[in-house]
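**Student:** The structure under discussion is supplied below as C-alpha cells; questions concerning it will follow.
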Amino acid sequence: MADEYRTIAAPSEGKYTEKMSRFLAFAFPVASAPEAKAVIADMANRYHDARHVCWAYMIGPERREYQSSDNGEPSGTAGKPILGQINSFELTDVLIVVVRYFGGIKLGTSGLIQAYREAAREAISAATIEQRFAQGTVAFTFPYLAMNDVMRLAKAGDVAIVEQQFDNSCSMTLRTRLDNLPTLRSRLAAIPGISLIDCL
C-alpha cells in the first residue's frame, strides 16, 4: 500500500575493518532533513579526529528526499554506497553516518565502495526494522451539541486526537493513516455543524 514504509525503530551501530582502516557506522531514525543535518553536525564534532565522516539519508514515506556526502573521499565512493544500502533495505526516515579512521594503506576506489557499503549494511543489520504507516491530519470546528458524534469517531481504533479545545465552539485535530483520511473526512462532514479547516 502507498502509505506503508519501512524505517528503523532506534539507533544502531556497526563496524567494518579493511587493511587497517576502521569504518564505524551509525544508523539513526530521523523525521526531517534538518534533523538529519543536526545529527551529522554532532557526529562530525564528536569524531573530529577521524579522516572522513561520510553519510546518506532518506526522508519521507515516498522516499523522494535524500542526500549523501563523500566528505573528502573520491567522488561516489562513500555517500552513494551508503545510500545504496538504504535503498537495498527499502528504508526511509533514516540517516547512516560512517566514520573512517585511516589505517595507512589506500583501499582504491572499489575497496572504498565495498568498505562503506559493508559498514552501512552492518549498521542496518543491527537495527530493528519496522513497518509504519504514513499519517495525515484533519482539523475542524464543531458545536458542543455534536460532541458525542465527534468523540465516537475520535475514539475509533485507527484515529488519534492531536489537539482539542472545548468551549462554546469546539475545535479538534485528528490523525489517522493517510489512506483512512478520506473516509474520516466524509464521516466528519456528515455530522451537522462540523466545519473542516484543513487536511494534511
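Chain identifiers are assigned as A, B, and so on, following the order in which chains appear in the C-alpha cells; residues are numbered from 1 within each chain, and ligands are numbered from 1 in order of appearance.
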If we count only C-alpha atoms, what is near region 170-180 of chain A at a cut-off of 7 Å, once residues fewer than 3 positions away on the same chain are taken out, given as a list in words?
**Tutor:**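 Surrounding residues, per the criterion: Asp3, Phe133, Ala134, Gln135, Gly136, Thr137, Val138, Ala139, Phe140, Thr141, Phe142, Pro143, Tyr144, Ala154, Asp158, Val159, Ala160, Ile161, Val162, Glu163, Gln164, Gln165, Phe166, Asp167, Thr183 and Leu184 of chain A.
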**Student:** For the selection just defined, write its residues with N, CA and C atoms to a file, as an mmCIF file, in the first residue's frame.
**Tutor:**
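Once written, result_6.cif looks like this:
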```
data_model
loop_
_atom_site.group_PDB
_atom_site.id
_atom_site.type_symbol
_atom_site.label_atom_id
_atom_site.label_comp_id
_atom_site.auth_asym_id
_atom_site.auth_seq_id
_atom_site.Cartn_x
_atom_site.Cartn_y
_atom_site.Cartn_z
ATOM 1 N N ASP A 3 0.752 4.006 1.564
ATOM 2 C CA ASP A 3 1.051 4.713 2.806
ATOM 3 C C ASP A 3 1.952 3.920 3.744
ATOM 4 N N PHE A 133 3.126 3.390 8.941
ATOM 5 C CA PHE A 133 2.123 3.921 8.019
ATOM 6 C C PHE A 133 2.186 5.440 8.021
ATOM 7 N N ALA A 134 2.155 6.017 6.829
ATOM 8 C CA ALA A 134 2.117 7.470 6.711
ATOM 9 C C ALA A 134 0.840 7.976 7.366
ATOM 10 N N GLN A 135 0.954 9.106 8.050
ATOM 11 C CA GLN A 135 -0.172 9.666 8.793
ATOM 12 C C GLN A 135 -0.622 10.987 8.174
ATOM 13 N N GLY A 136 -1.883 11.274 8.316
ATOM 14 C CA GLY A 136 -2.429 12.551 7.888
ATOM 15 C C GLY A 136 -3.324 13.112 8.980
ATOM 16 N N THR A 137 -3.561 14.415 8.948
ATOM 17 C CA THR A 137 -4.409 15.034 9.973
ATOM 18 C C THR A 137 -5.555 15.798 9.325
ATOM 19 N N VAL A 138 -6.622 15.944 10.098
ATOM 20 C CA VAL A 138 -7.739 16.785 9.687
ATOM 21 C C VAL A 138 -8.160 17.618 10.900
ATOM 22 N N ALA A 139 -8.308 18.934 10.681
ATOM 23 C CA ALA A 139 -8.724 19.844 11.752
ATOM 24 C C ALA A 139 -10.120 20.360 11.430
ATOM 25 N N PHE A 140 -10.891 20.587 12.478
ATOM 26 C CA PHE A 140 -12.273 21.018 12.258
ATOM 27 C C PHE A 140 -12.824 21.691 13.503
ATOM 28 N N THR A 141 -13.881 22.439 13.299
ATOM 29 C CA THR A 141 -14.625 23.036 14.421
ATOM 30 C C THR A 141 -16.020 22.423 14.426
ATOM 31 N N PHE A 142 -16.631 22.436 15.601
ATOM 32 C CA PHE A 142 -17.971 21.850 15.708
ATOM 33 C C PHE A 142 -18.692 22.433 16.918
ATOM 34 N N PRO A 143 -20.016 22.442 16.866
ATOM 35 C CA PRO A 143 -20.786 22.945 18.010
ATOM 36 C C PRO A 143 -20.772 21.909 19.145
ATOM 37 N N TYR A 144 -20.956 22.387 20.346
ATOM 38 C CA TYR A 144 -20.922 21.499 21.520
ATOM 39 C C TYR A 144 -21.941 20.365 21.395
ATOM 40 N N ALA A 154 -13.559 10.026 17.099
ATOM 41 C CA ALA A 154 -12.205 10.273 17.624
ATOM 42 C C ALA A 154 -11.669 9.082 18.403
ATOM 43 N N ASP A 158 -8.335 3.437 14.877
ATOM 44 C CA ASP A 158 -7.301 3.905 13.959
ATOM 45 C C ASP A 158 -7.173 5.431 13.934
ATOM 46 N N VAL A 159 -7.753 6.099 14.922
ATOM 47 C CA VAL A 159 -7.741 7.567 14.981
ATOM 48 C C VAL A 159 -7.127 8.022 16.300
ATOM 49 N N ALA A 160 -6.312 9.080 16.241
ATOM 50 C CA ALA A 160 -5.719 9.655 17.461
ATOM 51 C C ALA A 160 -6.052 11.145 17.524
ATOM 52 N N ILE A 161 -6.308 11.635 18.735
ATOM 53 C CA ILE A 161 -6.572 13.068 18.933
ATOM 54 C C ILE A 161 -5.232 13.782 19.084
ATOM 55 N N VAL A 162 -4.965 14.745 18.206
ATOM 56 C CA VAL A 162 -3.727 15.529 18.259
ATOM 57 C C VAL A 162 -3.918 16.760 19.129
ATOM 58 N N GLU A 163 -5.061 17.421 18.934
ATOM 59 C CA GLU A 163 -5.362 18.659 19.671
ATOM 60 C C GLU A 163 -6.862 18.748 19.872
ATOM 61 N N GLN A 164 -7.275 19.333 20.998
ATOM 62 C CA GLN A 164 -8.708 19.545 21.202
ATOM 63 C C GLN A 164 -8.934 20.752 22.103
ATOM 64 N N GLN A 165 -10.022 21.457 21.825
ATOM 65 C CA GLN A 165 -10.387 22.618 22.643
ATOM 66 C C GLN A 165 -11.903 22.675 22.723
ATOM 67 N N PHE A 166 -12.410 22.688 23.952
ATOM 68 C CA PHE A 166 -13.858 22.682 24.137
ATOM 69 C C PHE A 166 -14.298 24.009 24.743
ATOM 70 N N ASP A 167 -15.219 24.673 24.042
ATOM 71 C CA ASP A 167 -15.777 25.932 24.503
ATOM 72 C C ASP A 167 -17.167 26.034 23.890
ATOM 73 N N THR A 183 -12.052 8.727 4.281
ATOM 74 C CA THR A 183 -13.213 8.172 4.984
ATOM 75 C C THR A 183 -13.514 8.972 6.242
ATOM 76 N N LEU A 184 -12.462 9.306 6.993
ATOM 77 C CA LEU A 184 -12.642 10.091 8.218
ATOM 78 C C LEU A 184 -13.237 11.459 7.895
#
```
**Student:** Find the residue from A:Ser169, A:Asn45, A:Ser88, A:Thr7 that sits nearest to Pro61 (chain A); use only C-alpha atoms when measuring.
**Tutor:** A:Thr7
**Student:** Applying 12 Å and only C-alpha atoms, which residues near Arg187 (chain A) remain after dropping the ones on its own chain fewer than 2 positions away? List them as JSON, numbers by chain.
**Tutor:** {"A": [138, 149, 150, 152, 153, 154, 156, 180, 181, 182, 183, 184, 185, 189, 190, 191, 192, 194, 196]}
**Student:** Please dump the current selection as a PDB file, in the first residue's frame; keep N, CA, C and O atoms.
**Tutor:**
```
ATOM      1  N   VAL A 138      -6.622  15.944  10.098  1.00  0.00           N
ATOM      2  CA  VAL A 138      -7.739  16.785   9.687  1.00  0.00           C
ATOM      3  C   VAL A 138      -8.160  17.618  10.900  1.00  0.00           C
ATOM      4  O   VAL A 138      -8.273  17.100  12.008  1.00  0.00           O
ATOM      5  N   ASP A 149     -21.090  12.683  18.775  1.00  0.00           N
ATOM      6  CA  ASP A 149     -20.798  12.128  17.450  1.00  0.00           C
ATOM      7  C   ASP A 149     -19.302  12.249  17.122  1.00  0.00           C
ATOM      8  O   ASP A 149     -18.694  11.321  16.587  1.00  0.00           O
ATOM      9  N   VAL A 150     -18.744  13.405  17.472  1.00  0.00           N
ATOM     10  CA  VAL A 150     -17.318  13.637  17.202  1.00  0.00           C
ATOM     11  C   VAL A 150     -16.456  12.678  18.022  1.00  0.00           C
ATOM     12  O   VAL A 150     -15.528  12.045  17.495  1.00  0.00           O
ATOM     13  N   ARG A 152     -17.203   9.828  19.220  1.00  0.00           N
ATOM     14  CA  ARG A 152     -17.342   8.450  18.751  1.00  0.00           C
ATOM     15  C   ARG A 152     -16.338   8.175  17.629  1.00  0.00           C
ATOM     16  O   ARG A 152     -15.695   7.127  17.582  1.00  0.00           O
ATOM     17  N   LEU A 153     -16.185   9.144  16.721  1.00  0.00           N
ATOM     18  CA  LEU A 153     -15.202   8.998  15.638  1.00  0.00           C
ATOM     19  C   LEU A 153     -13.768   9.095  16.165  1.00  0.00           C
ATOM     20  O   LEU A 153     -12.884   8.353  15.749  1.00  0.00           O
ATOM     21  N   ALA A 154     -13.559  10.026  17.099  1.00  0.00           N
ATOM     22  CA  ALA A 154     -12.205  10.273  17.624  1.00  0.00           C
ATOM     23  C   ALA A 154     -11.669   9.082  18.403  1.00  0.00           C
ATOM     24  O   ALA A 154     -10.457   8.899  18.505  1.00  0.00           O
ATOM     25  N   ALA A 156     -12.239   5.929  17.680  1.00  0.00           N
ATOM     26  CA  ALA A 156     -12.100   4.725  16.850  1.00  0.00           C
ATOM     27  C   ALA A 156     -10.646   4.253  16.933  1.00  0.00           C
ATOM     28  O   ALA A 156      -9.728   5.045  17.163  1.00  0.00           O
ATOM     29  N   ASN A 180      -6.781   6.219   5.296  1.00  0.00           N
ATOM     30  CA  ASN A 180      -8.068   6.290   6.006  1.00  0.00           C
ATOM     31  C   ASN A 180      -8.637   7.713   6.041  1.00  0.00           C
ATOM     32  O   ASN A 180      -9.787   7.922   6.426  1.00  0.00           O
ATOM     33  N   LEU A 181      -7.806   8.682   5.645  1.00  0.00           N
ATOM     34  CA  LEU A 181      -8.177  10.088   5.801  1.00  0.00           C
ATOM     35  C   LEU A 181      -9.449  10.477   5.021  1.00  0.00           C
ATOM     36  O   LEU A 181     -10.318  11.150   5.581  1.00  0.00           O
ATOM     37  N   PRO A 182      -9.600  10.075   3.766  1.00  0.00           N
ATOM     38  CA  PRO A 182     -10.838  10.450   3.048  1.00  0.00           C
ATOM     39  C   PRO A 182     -12.102   9.942   3.744  1.00  0.00           C
ATOM     40  O   PRO A 182     -13.109  10.659   3.810  1.00  0.00           O
ATOM     41  N   THR A 183     -12.052   8.727   4.281  1.00  0.00           N
ATOM     42  CA  THR A 183     -13.213   8.172   4.984  1.00  0.00           C
ATOM     43  C   THR A 183     -13.514   8.972   6.242  1.00  0.00           C
ATOM     44  O   THR A 183     -14.676   9.296   6.536  1.00  0.00           O
ATOM     45  N   LEU A 184     -12.462   9.306   6.993  1.00  0.00           N
ATOM     46  CA  LEU A 184     -12.642  10.091   8.218  1.00  0.00           C
ATOM     47  C   LEU A 184     -13.237  11.459   7.895  1.00  0.00           C
ATOM     48  O   LEU A 184     -14.166  11.922   8.561  1.00  0.00           O
ATOM     49  N   ARG A 185     -12.725  12.091   6.849  1.00  0.00           N
ATOM     50  CA  ARG A 185     -13.247  13.409   6.443  1.00  0.00           C
ATOM     51  C   ARG A 185     -14.732  13.335   6.095  1.00  0.00           C
ATOM     52  O   ARG A 185     -15.516  14.195   6.496  1.00  0.00           O
ATOM     53  N   ALA A 189     -17.747  15.214   7.930  1.00  0.00           N
ATOM     54  CA  ALA A 189     -18.584  16.148   7.158  1.00  0.00           C
ATOM     55  C   ALA A 189     -20.074  15.825   7.281  1.00  0.00           C
ATOM     56  O   ALA A 189     -20.927  16.703   7.120  1.00  0.00           O
ATOM     57  N   ALA A 190     -20.379  14.565   7.579  1.00  0.00           N
ATOM     58  CA  ALA A 190     -21.782  14.150   7.707  1.00  0.00           C
ATOM     59  C   ALA A 190     -22.400  14.559   9.046  1.00  0.00           C
ATOM     60  O   ALA A 190     -23.612  14.496   9.222  1.00  0.00           O
ATOM     61  N   ILE A 191     -21.563  14.991   9.998  1.00  0.00           N
ATOM     62  CA  ILE A 191     -22.068  15.408  11.308  1.00  0.00           C
ATOM     63  C   ILE A 191     -22.559  16.859  11.212  1.00  0.00           C
ATOM     64  O   ILE A 191     -21.795  17.733  10.768  1.00  0.00           O
ATOM     65  N   PRO A 192     -23.783  17.156  11.597  1.00  0.00           N
ATOM     66  CA  PRO A 192     -24.336  18.515  11.492  1.00  0.00           C
ATOM     67  C   PRO A 192     -23.472  19.530  12.268  1.00  0.00           C
ATOM     68  O   PRO A 192     -23.069  19.259  13.410  1.00  0.00           O
ATOM     69  N   ILE A 194     -20.433  20.626  11.648  1.00  0.00           N
ATOM     70  CA  ILE A 194     -18.970  20.489  11.531  1.00  0.00           C
ATOM     71  C   ILE A 194     -18.454  21.366  10.390  1.00  0.00           C
ATOM     72  O   ILE A 194     -19.065  21.425   9.323  1.00  0.00           O
ATOM     73  N   LEU A 196     -14.859  21.716   8.399  1.00  0.00           N
ATOM     74  CA  LEU A 196     -13.484  21.217   8.208  1.00  0.00           C
ATOM     75  C   LEU A 196     -12.569  22.383   7.891  1.00  0.00           C
ATOM     76  O   LEU A 196     -12.882  23.228   7.065  1.00  0.00           O
TER      77      LEU A 196
END
```
**Student:** Among region 46-184 of chain A, which residues does DSSP mark as strand (DSSP E or B) when it is run on the backbone? Keep the chain and numbering as in the structure and answer as number ranges by chain.
**Tutor:** A: 52-59, 65-69, 91, 94-101, 129-133, 135-143, 159-165, 169-177
**Student:** When you draw a straight line from CA of Ile86 (chain A) to CA of Glu118 (chain A), how long is it in Å?
**Tutor:** 11.7 Å
**Student:** Find the residues near region 12-18 of chain A: any atom within 6 Å, counting only C-alpha atoms, skip ones fewer than 4 places away on the same chain, and give them as a list of chain:residue names.
**Tutor:** A:Arg22, A:Phe23, A:Leu24, A:Ala25, A:Phe26, A:Ala27, A:Ala119, A:Glu122, A:Ala123, A:Ala126, A:Ala127
**Student:** Selected residues, C-alpha atoms, written as an mmCIF file, in the first residue's frame, please.
**Tutor:**
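Result saved to part36.cif:
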```
data_model
loop_
_atom_site.group_PDB
_atom_site.id
_atom_site.type_symbol
_atom_site.label_atom_id
_atom_site.label_comp_id
_atom_site.auth_asym_id
_atom_site.auth_seq_id
_atom_site.Cartn_x
_atom_site.Cartn_y
_atom_site.Cartn_z
ATOM 1 C CA ARG A 22 38.307 1.244 10.609
ATOM 2 C CA PHE A 23 34.805 2.131 9.483
ATOM 3 C CA LEU A 24 32.348 2.889 12.295
ATOM 4 C CA ALA A 25 28.760 3.010 11.082
ATOM 5 C CA PHE A 26 25.786 4.564 12.855
ATOM 6 C CA ALA A 27 22.134 4.399 11.794
ATOM 7 C CA ALA A 119 29.819 -0.728 7.118
ATOM 8 C CA GLU A 122 26.304 -3.766 9.336
ATOM 9 C CA ALA A 123 24.598 -0.777 11.000
ATOM 10 C CA ALA A 126 21.929 -4.403 13.760
ATOM 11 C CA ALA A 127 18.740 -2.297 13.721
#
```
**Student:** Do you know which residues are at most 8 Å from Met58 (chain A) counting only C-alpha atoms, after dropping those on the same chain fewer than 6 positions away, and could you put them as an mmCIF file with all heavy atoms, in the first residue's frame?
**Tutor:**
```cif
data_model
loop_
_atom_site.group_PDB
_atom_site.id
_atom_site.type_symbol
_atom_site.label_atom_id
_atom_site.label_comp_id
_atom_site.auth_asym_id
_atom_site.auth_seq_id
_atom_site.Cartn_x
_atom_site.Cartn_y
_atom_site.Cartn_z
ATOM 1 N N ARG A 64 11.454 10.238 -1.554
ATOM 2 C CA ARG A 64 11.881 11.159 -2.624
ATOM 3 C C ARG A 64 12.932 12.163 -2.160
ATOM 4 O O ARG A 64 13.564 12.815 -2.988
ATOM 5 C CB ARG A 64 10.668 11.916 -3.172
ATOM 6 C CG ARG A 64 9.760 11.039 -4.010
ATOM 7 C CD ARG A 64 8.614 11.828 -4.579
ATOM 8 N NE ARG A 64 7.675 10.960 -5.288
ATOM 9 C CZ ARG A 64 6.433 11.299 -5.559
ATOM 10 N NH1 ARG A 64 5.969 12.464 -5.177
ATOM 11 N NH2 ARG A 64 5.647 10.458 -6.199
ATOM 12 N N GLU A 65 13.061 12.336 -0.854
ATOM 13 C CA GLU A 65 14.017 13.331 -0.330
ATOM 14 C C GLU A 65 15.236 12.607 0.220
ATOM 15 O O GLU A 65 15.132 11.858 1.191
ATOM 16 C CB GLU A 65 13.350 14.166 0.777
ATOM 17 C CG GLU A 65 14.221 15.309 1.260
ATOM 18 C CD GLU A 65 13.541 16.153 2.330
ATOM 19 O OE1 GLU A 65 12.373 15.889 2.679
ATOM 20 O OE2 GLU A 65 14.211 17.078 2.835
ATOM 21 N N TYR A 66 16.373 12.798 -0.429
ATOM 22 C CA TYR A 66 17.593 12.112 0.021
ATOM 23 C C TYR A 66 18.822 12.943 -0.328
ATOM 24 O O TYR A 66 18.781 13.815 -1.197
ATOM 25 C CB TYR A 66 17.696 10.718 -0.619
ATOM 26 C CG TYR A 66 17.676 10.720 -2.122
ATOM 27 C CD1 TYR A 66 18.849 10.851 -2.863
ATOM 28 C CD2 TYR A 66 16.468 10.601 -2.808
ATOM 29 C CE1 TYR A 66 18.827 10.869 -4.251
ATOM 30 C CE2 TYR A 66 16.425 10.605 -4.196
ATOM 31 C CZ TYR A 66 17.614 10.739 -4.914
ATOM 32 O OH TYR A 66 17.582 10.761 -6.282
ATOM 33 N N GLN A 67 19.901 12.650 0.364
ATOM 34 C CA GLN A 67 21.164 13.348 0.129
ATOM 35 C C GLN A 67 22.283 12.463 0.643
ATOM 36 O O GLN A 67 22.076 11.637 1.547
ATOM 37 C CB GLN A 67 21.165 14.702 0.844
ATOM 38 C CG GLN A 67 22.200 15.665 0.312
ATOM 39 C CD GLN A 67 22.027 17.077 0.879
ATOM 40 O OE1 GLN A 67 20.982 17.420 1.413
ATOM 41 N NE2 GLN A 67 23.055 17.882 0.764
ATOM 42 N N LEU A 83 24.001 5.226 0.630
ATOM 43 C CA LEU A 83 22.626 5.419 0.160
ATOM 44 C C LEU A 83 22.106 4.147 -0.516
ATOM 45 O O LEU A 83 20.934 3.791 -0.381
ATOM 46 C CB LEU A 83 22.567 6.599 -0.811
ATOM 47 C CG LEU A 83 21.175 7.051 -1.280
ATOM 48 C CD1 LEU A 83 20.324 7.508 -0.101
ATOM 49 C CD2 LEU A 83 21.300 8.159 -2.316
ATOM 50 N N ILE A 86 20.674 1.887 2.065
ATOM 51 C CA ILE A 86 19.352 2.364 2.495
ATOM 52 C C ILE A 86 18.303 1.901 1.482
ATOM 53 O O ILE A 86 17.235 1.416 1.848
ATOM 54 C CB ILE A 86 19.345 3.909 2.634
ATOM 55 C CG1 ILE A 86 20.258 4.355 3.788
ATOM 56 C CG2 ILE A 86 17.922 4.430 2.851
ATOM 57 C CD1 ILE A 86 20.442 5.859 3.897
ATOM 58 N N LEU A 91 14.470 1.408 3.061
ATOM 59 C CA LEU A 91 14.216 2.188 4.272
ATOM 60 C C LEU A 91 13.973 3.655 3.941
ATOM 61 O O LEU A 91 14.389 4.148 2.893
ATOM 62 C CB LEU A 91 15.418 2.091 5.225
ATOM 63 C CG LEU A 91 15.777 0.714 5.755
ATOM 64 C CD1 LEU A 91 17.047 0.792 6.585
ATOM 65 C CD2 LEU A 91 14.639 0.132 6.578
ATOM 66 N N THR A 92 13.332 4.342 4.859
ATOM 67 C CA THR A 92 13.228 5.794 4.797
ATOM 68 C C THR A 92 13.204 6.340 6.222
ATOM 69 O O THR A 92 13.199 5.573 7.186
ATOM 70 C CB THR A 92 11.993 6.246 3.996
ATOM 71 O OG1 THR A 92 12.112 7.662 3.747
ATOM 72 C CG2 THR A 92 10.699 5.954 4.728
ATOM 73 N N ASP A 93 13.204 7.676 6.330
ATOM 74 C CA ASP A 93 13.317 8.338 7.646
ATOM 75 C C ASP A 93 14.515 7.768 8.394
ATOM 76 O O ASP A 93 14.437 7.420 9.579
ATOM 77 C CB ASP A 93 12.028 8.177 8.459
ATOM 78 C CG ASP A 93 10.900 9.055 7.914
ATOM 79 O OD1 ASP A 93 11.139 9.791 6.927
ATOM 80 O OD2 ASP A 93 9.792 9.021 8.462
ATOM 81 N N VAL A 94 15.637 7.663 7.682
ATOM 82 C CA VAL A 94 16.843 7.077 8.260
ATOM 83 C C VAL A 94 18.080 7.844 7.786
ATOM 84 O O VAL A 94 18.121 8.342 6.663
ATOM 85 C CB VAL A 94 16.957 5.571 7.896
ATOM 86 C CG1 VAL A 94 17.159 5.386 6.394
ATOM 87 C CG2 VAL A 94 18.073 4.888 8.660
ATOM 88 N N LEU A 95 19.032 7.971 8.679
ATOM 89 C CA LEU A 95 20.341 8.564 8.389
ATOM 90 C C LEU A 95 21.410 7.543 8.748
ATOM 91 O O LEU A 95 21.336 6.920 9.812
ATOM 92 C CB LEU A 95 20.550 9.833 9.232
ATOM 93 C CG LEU A 95 21.997 10.320 9.405
ATOM 94 C CD1 LEU A 95 22.557 10.866 8.087
ATOM 95 C CD2 LEU A 95 22.076 11.376 10.507
#
```
**Student:** Would you mind writing down, as a PyMOL selection string, each residue of region 35-155 of chain A that DSSP on the backbone assigns to helix (DSSP H, G or I)?
**Tutor:** chain A and resi 35-46+79-88+108-125+144-154
**Student:** Please determine, counting only C-alpha atoms, which residue among A:Ala36, A:Ile59, A:Met151, A:Leu107 has the shortest atom-to-atom distance to Tyr5 (chain A).
**Tutor:** A:Ile59
**Student:** Could you jot down the CA of Ala33 (chain A) to CA of Asp70 (chain A) separation for me, Å, one decimal place?
**Tutor:** 17.3 Å
**Student:** I want to know what sits within 7 Å of Pro81 (chain A), based on only C-alpha atoms, with residues of the same chain fewer than 4 positions away left out; could you give that as an MDAnalysis selection string?
**Tutor:** chainID A and resid 77 85 113 116:117
